[in-house]
Structure formats: structure tokens, C-alpha cells
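Below is one structure, written out as C-alpha cells; comments come after it.
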Amino acid sequence: MTDNGANGPETGRGSADGAGARGGAVAAPDLDALFDPGSVAVVGASPDSFYSGNLVENLLEYGFDGTLYPVNPGRDEVWGRKCYDDIADVPETVDLAVVSVPREYVVDVVGTAGERGVPVALVLTAGFGEADDEGAELEAQLAETAAEAGIRVVGPNCIGVMASRGATLTSTCSREPEPGGIGLVSQSGALAFTTFFERAADRDLHFSHIVSTGNETDLSLTDYVAYLAEQPSVEVVCAYVEGIDDPERFMRVAERAVRSGTPVLTVKIGQSDLAEEATLSHTGSLTGSDDAWAAAFDQTGVERVPDIPDLLARANAHAAYDAPDGDRICVASTSGGLASLLADMAAERDLALPDIDGETEEALLDIEELLTYGEFHNPADIRGYGAEVLPEIADAVLADDAFDAYVFAIGLPGVDERAETIAADLESVVERADDPVYVLWTGRKEPDDPTETPPYARLRESVPVYEDPGRCLDAVASATGFAAARERLADRPPRAALADARGRTADERPGSDLPTGRVLTWTEAEPLLSAFDVPTVETRVATDADAAAAAAVELDRPVAMKVDSPALPHRTDAGAVELGVESPEAARDAYRAVRAAARERVADDDIAGVLVQPMVAEGVESLVGVAPGDVFDSLVTVGPGGVLVEALDESATLVPPFSRADARRAVEATALADLLTDRRGGDPLPVEPVVDLLVNVGDLAASVDAVAELDLNPVVVTEDGPVAVDALVRTSD
């Protein structure tokens, strides 16, 4: 872990400058009073309440050594403590107010706490925006009141928070938390404690912090990620995400965390329609386009994880070790079949398996117990005999600089006397290793005596131990992938810098005077495209047949002729396009034909003219476009174009603003890069001009809010570079 730099915690709301603006600054709020309060007032405290009662029981049982003030006008004393009628009556200004009262009283309680100077309120009460219209109105009042009173709010509809080195403030934590290195932010309260926490604890995996975000009327998932990424005890931040209202700020926070050395792993739901419907009914938050979220995560170095067990398995690897220096893995397996399986799995995950050769191979061949002749491969089949000499094997491979990390795969029982020796040997191997060592133990796990802790389970208290080969290599790939993502981000500007660069030039570019709420004519669109260096085919706009003929003569080659009508954006479908027009007379006929075809669909007043363009030489057709996002402001898409759009159904998405490196990565992620460089019967075409075009379109999308949609299809890539032969620009209302 490394320090996050000069930007320290802030005490304003939403962002460092207190503005809370969309996509604003990324500094973390000060939440020390939430996770490690010296004094707590529980408003609505009652042993008869499941939520407040169990929360107080857990708080006291799990080591809270601060001052607790129960607040409940219906009681004189609870838990051996005086009970106060109102938070205003508490004799000191507490660090944290826990609120568990009927929803109609929540706003007043939080307002009073804020007036007393309480910095944070944890609102357990449900029945707000997730419930009904009255609840939504109360939630809006809560947000307004909290802002006016200067108090931060967790929730409402929040199941609680926990810091293993601070306080446990939840009703659903069944055992005392042990210190760990994983920070968890969950938009599902039940999953946070009853699933993530419990499942992890069963596997000797522990959290530094857990927070369920509730309805996020004030503090958001992004705020908690920002805070956790700055905590010295947090080695990795995990997030269970249903929806994020300000995705640009999340991207900046996550990117900053990754840049500073803290991995961010997320389970993001909403890939299916069913999941999206469930999200709406559960929290009222909206899920975004899945492709857009995948792009957002990729651009900021966030790793998306399929499900909860995978998240915990990968977090375990990050919590145990710093990231490996590279992706070169050495695998030693007691089973030849398991070794072969791991070889295939490593290849699927782009993990390198360098040869075991030279002095390392000679040292292994000299170990008589291995009964191996001739040569070693990677994965190394050390057979069952190798389990007897793990320290000698480790000495040989750990000394080899060819490897960045190690996997010891034990296909033997993990519960017998032999396992005791294996576990002790592996623990000693890890202690003297300079690089990460992961253990895959696939043998028997249930001991004869269920009251005994088997050797493999004792080993995982200090070493990442996996039972499933796939999850083991997923964890290794996650660790190496983080190192690669951090290195990749280091080579490009931060998102904030990209946005600032766009902002300095946005006022000088067209966009503010564009007509609103419709498709632009060519005359309106072309200056906009030109201002952002988007190359378009040379074009003449003809308003009569003679002008069309003159344009065809002037362009001096076969031309394409297309009706120009904002009311008819899909002119090809209407037959309002003629290709390969070769003479002035043919141009006159084509002019009349495309206008007649257009009049079948639109009024004559809706036709701005007919575009006359030279036919473009053969090349590779691509598509570049801008589309509105349901959560993100806009999205940029690139991929094969023309007839290949539907044939290949392959494109890549980017969230503006993005860097040139992001653009290149997107192009190379599609079939377009192969189509350009591997042309049958033609010389390769350079990819860089397409990257330039994509960057320019990204600049347009980030700079001109008025553009709701842009479709450049096809963009023909020739040896002279890309040129858009068709352009559709639609502005927002």
C-alpha cells in the first residue's frame, strides 16, 4: 500500500470543495467518527428492537470501549445505563448518532443531532425512497435537513457498518470481527454481513471495514470507496454495486485508488433484465448499460468479478501480498493431471508459464525423492513424493528470477498426519519467499473428528489457500492483472486532467448555437465535425438538378448522391441514395430520383438538398459513434462498420473523456484491428489514424453537451487514413 498523496480528507459535502458537483473532486470525506467513534448515542435504543437492540448488544460485546448513550423517552434505563429522552439531552456532543425510530421522526432527530454538532448519523430506519411516495418525500427532507445542519448521513434503510479495529454497529453480525485487510462497501445490507462477512469468516478471511450504504441520501458508495482507499489498514477495496448516480466521480475515485496502489474489485449487478427489475424494486437505483460499466471499469483499472465467492477469493490474494512484479508463474503440482489442468487454465487467463531450466532444473533433478528423469516442465509434476520435500523444491524455484509468483498445488488429503507436515512446510516456504506464494489444496477437507481444525484450515490463517483450481488461478490473475492495470494507468493522464484539457478548449469550439432536439443537416453538422478534426468526404450540397450535375463535374469521378433531410435520417432504407453516378446527366436523374424517394416519406420542406460526394476508394469500413447513456452522459463506440456491423456484432465502448491509450486499446479489442492489419489481397492499413479519429470523436462527446448522438457509418479506412462517408448528428432537447 502507498500513500494517496497530498489530497487529505475533507469535511464538506460530496467533494473536496464542498460543491458536490457531478464528477467533482475525489478527496474522501472524514468518516473516522463513523468507523471508530469515541462516543455513540443510539436513538430508539431498546432491547426489544431487533435492529437497535442487537446493534447495542454487538457494540458492547465486540469490544467497544467508548461511551454509549441510549436515547428512548419510553425507558429510564437500558443495559445498565441511563436512558435519555432526546438526543438534545445527552450530556456531550457524541461522535456518532445511530437512529432507529419510526420514519416520521427521523428528520427531526438528525436535524437535532446536527445542531448539537454531531458529525455523523447512521440511520437504520427503513420506509423511505425504497418504500412509497411519502417515504421519498421524507428522504428528500432528510437530505435537505442534514445539509443545512452540517451532519453526514449513512442510509437511511441501512443495516450498519463495522470496523474491525473500531466499532461494530450492526444488528446482523453473528461473531466478533477479526482484523483483516479487506474493505467492503455493499449496496445490499443483508449481503454485506450475512453473506460476505459470514462466508469470509468461515474461511479465515477478514475485513478491515464493512459498510452497507442504504439509500445513500447523503454519503454514497463512492464516498466510502474514497475513504477506505486512504486507510492504512485497507489492502483492497471490494464493492457490491447495484447503481451509481454519479459514475464519473466513481471513476475518478477508483482510478485514484488504483494509481496509489489499492486494488478495487467489484460485483456489479444488472447484466440481465431480471436483475435490473430486481434492483429497481429493492433500492430504487438504476443500473447502467453493462457495456458502459465494463468500459468504465477497464478505463479506471477496476476489476469486475462474477460473484461473491470469486470476489472473496481474489480479495484474499490482494490482502495477503503486494502485487507481483509480473505475470510469470511457477506451478508445482503433486498431480500430473492437475498440472495439465492448471497449464490450460493459466493460458486461458493469460498467465505466463516460463520454462524451468538451467540451474533450477538441475537442482530439482538432484532431489532423489522426486523420482524424475530427463527434464522438468512448468507446471512441474512433482508427484505425491514431492510433498515430502517441499522445502527443497521451494529453495530451487524461489531462487529463480524467471518467476514473479508461485502456486503449490497439493492434490492430497488436507486432514491427516501427512497434511500436518505439508502445511508446516508450506508455511515456512511462504515465510522465506520474496514473491507471492499461493496454495491450491484439492484433497479431502473433512476430518474424522469434526471438532478438530484440520491442517489445511490452520494454514489458511496465514497463507492464501484455495480449494478450487479455477478460483485459485483467478486470484493469481487478479493480482497480476492489478499490477498491469496500475502500470497502464501510470502511462496516461488521470481522468480529471483529461476533463480539464477538454474544458479549456470547449468554449472555443462549436456547439452552443446548434439547433436543439433534431437531426442536423449536413451544412449544420460539417463545421462541428471539422472543428474536432473528424475527416469527412468532400461534399457538395445541391438544391436543384443543374447544381447536382455541376457538382459531379467538379468532383470529376463517380459520385454518390444522398438526400439531406433531418426528418429522414435513415435515407438508405427509403431508397434516397444513388451510388456510382458517372455523368452530369446521370447526376440530374439521380437528383430527381432521390428527392422523389424522399418525398414518399417526408414533406418537401423537410428536404435541405442532395449531397454529392465522390465515391471513396476501397478500404476497410468501420463505425465510430456517440450514443447517450442511461447513467453515463455519453458513450463512444468503435468497431467494424458498414455491412459488418450486424455480421460481426462486435464493437468496443468508451466513456469520455478517454486517453489515446484507451482509444488504441478499444480498437485493438475488436475485429477492426485485424481487418486493418490482416487484409486479404491488400497491404496492411495503419491503426493509428483510426485511433486519432476515435480520440477526436471522444473530445467532441466530452466537450459538446448539445450532441446527443453521432453516427459515422461507414468510416472508410484507406491508405490515406479514415474518412467518414456518412454522418448523422442528433442534438438534445
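Letters for chains follow the order of the C-alpha cells (A, B, ...), residue numbers begin at 1 for each chain, and ligand numbers begin at 1 in the order shown.
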Those in stretch 69-192 of chain A with strand (DSSP E or B) from DSSP, as a PyMOL selection string: chain A and resi 69-71+77-78+81-82+84+96-99+120-123+152-154+160-163+168-170+182-186
Find the distance between atom CA of A:Asp48 and atom CA of A:Arg75 and write it in Å to one decimal.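 The value is 11.5 Å.
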One-decimal distance in Å that lies between atom CA of A:Glu618 and atom CA of A:Val687: 16.3 Å
Could you check the closest approach to A:Thr262 for each of A:Ile607, A:Ala525, A:Ile244, A:Ala483 and tell me which residue wins, using only C-alpha atoms?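 Ranked by minimum distance to A:Thr262, first place goes to A:Ala483.
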What's the 8 Å shell around A:Tyr84, counting only C-alpha atoms, without same-chain residues fewer than 5 positions away, as a list in words? Tyr69, Pro70, Val71, Asn72, Pro73, Asp76, Asp89 and Val90 of chain A
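Closest approach to A:Arg679 from the set A:Gly619, A:Gly66, A:Pro47, A:Gly481 is made by A:Gly619, with distances taken over only C-alpha atoms.
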What are the nearest atom pairs, with distances in Å to one decimal, for all residues of stretch 644-720 of chain A that come at most 8 Å from stretch 625-637 of chain A, using only C-alpha atoms, set out by chain and rising residue number as a Markdown table?
```
| residue | atom | partner | partner_atom | distance |
| --- | --- | --- | --- | --- |
| A:Ser651 | CA | A:Thr637 | CA | 6.6 |
| A:Ala652 | CA | A:Thr637 | CA | 5.6 |
| A:Thr653 | CA | A:Thr637 | CA | 4.6 |
| A:Leu654 | CA | A:Val636 | CA | 5.1 |
| A:Val655 | CA | A:Leu635 | CA | 5.1 |
| A:Pro656 | CA | A:Leu635 | CA | 6.6 |
| A:Val697 | CA | A:Val636 | CA | 7.6 |
| A:Gly698 | CA | A:Val636 | CA | 6.5 |
| A:Ala701 | CA | A:Val626 | CA | 6.7 |
| A:Ala702 | CA | A:Ser634 | CA | 7.8 |
| A:Ala708 | CA | A:Pro628 | CA | 5.7 |
| A:Glu709 | CA | A:Ala627 | CA | 4.8 |
| A:Leu710 | CA | A:Val626 | CA | 4.7 |
| A:Asp711 | CA | A:Gly625 | CA | 4.5 |
| A:Leu712 | CA | A:Gly625 | CA | 5.7 |
| A:Asn713 | CA | A:Gly625 | CA | 7.9 |
```
Contacts of stretch 111-120 of chain A at 9 Å or less, counting only C-alpha atoms, minus same-chain residues fewer than 6 places along, as a VMD selection string? chain A and resid 31 33 to 34 87 to 88 92 to 98 142 145 to 146 148 to 154
Test item: residues at most 8 Å from A:Arg259, only C-alpha atoms, excluding those fewer than 4 positions along its chain, as a ChimeraX atom specification: /A:255,486,489-490
A:Pro379 environment, 9 Å, only C-alpha atoms, sequence neighbours closer than 6 positions dropped, as a PDB file with C-alpha atoms, in the first residue's frame:
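Written file, selection_18.pdb:
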```
ATOM      1  CA  ILE A 329       4.033 -18.023 -12.681  1.00  0.00           C
ATOM      2  CA  CYS A 330       5.738 -21.196 -11.475  1.00  0.00           C
ATOM      3  CA  VAL A 331       3.373 -24.065 -10.660  1.00  0.00           C
ATOM      4  CA  ALA A 332       4.447 -27.171  -8.740  1.00  0.00           C
ATOM      5  CA  SER A 333       1.802 -29.891  -8.504  1.00  0.00           C
ATOM      6  CA  GLY A 336       0.328 -34.691 -13.204  1.00  0.00           C
ATOM      7  CA  ALA A 339      -0.615 -29.862 -13.500  1.00  0.00           C
ATOM      8  CA  SER A 340      -2.031 -30.250 -17.019  1.00  0.00           C
ATOM      9  CA  LEU A 342      -3.559 -25.741 -14.403  1.00  0.00           C
ATOM     10  CA  ALA A 343      -1.496 -25.265 -17.560  1.00  0.00           C
ATOM     11  CA  LEU A 353       4.479 -20.221 -17.504  1.00  0.00           C
ATOM     12  CA  ASP A 355      10.266 -22.976 -18.687  1.00  0.00           C
ATOM     13  CA  ILE A 356      12.008 -24.473 -15.697  1.00  0.00           C
TER      14      ILE A 356
END
```
Can you tell me how far atom CA of A:Val717 sits from atom CA of A:Val616, in Å to one decimal?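 These two atoms are separated by 9.6 Å.
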Distance query A:Val225 at most 8 Å, only C-alpha atoms, self and fewer than 5 positions along chain excluded, as a compact mmCIF listing (two decimals) with C-alpha atoms, in the first residue's frame:
```
# COMPACT_ATOMS: atom_id res chain seq x y z
CA VAL A 185 -18.86 -1.39 0.52
CA VAL A 237 -11.47 -2.33 -1.61
CA ALA A 239 -17.76 -3.12 -3.74
CA VAL A 253 -12.16 7.83 -7.10
CA ALA A 254 -11.49 4.28 -8.27
```
Nearest to A:Arg81: which of A:Val439, A:Val690, A:Val707, A:Leu68 is it, counting only C-alpha atoms?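 Selected residue with least distance to A:Arg81: A:Leu68.
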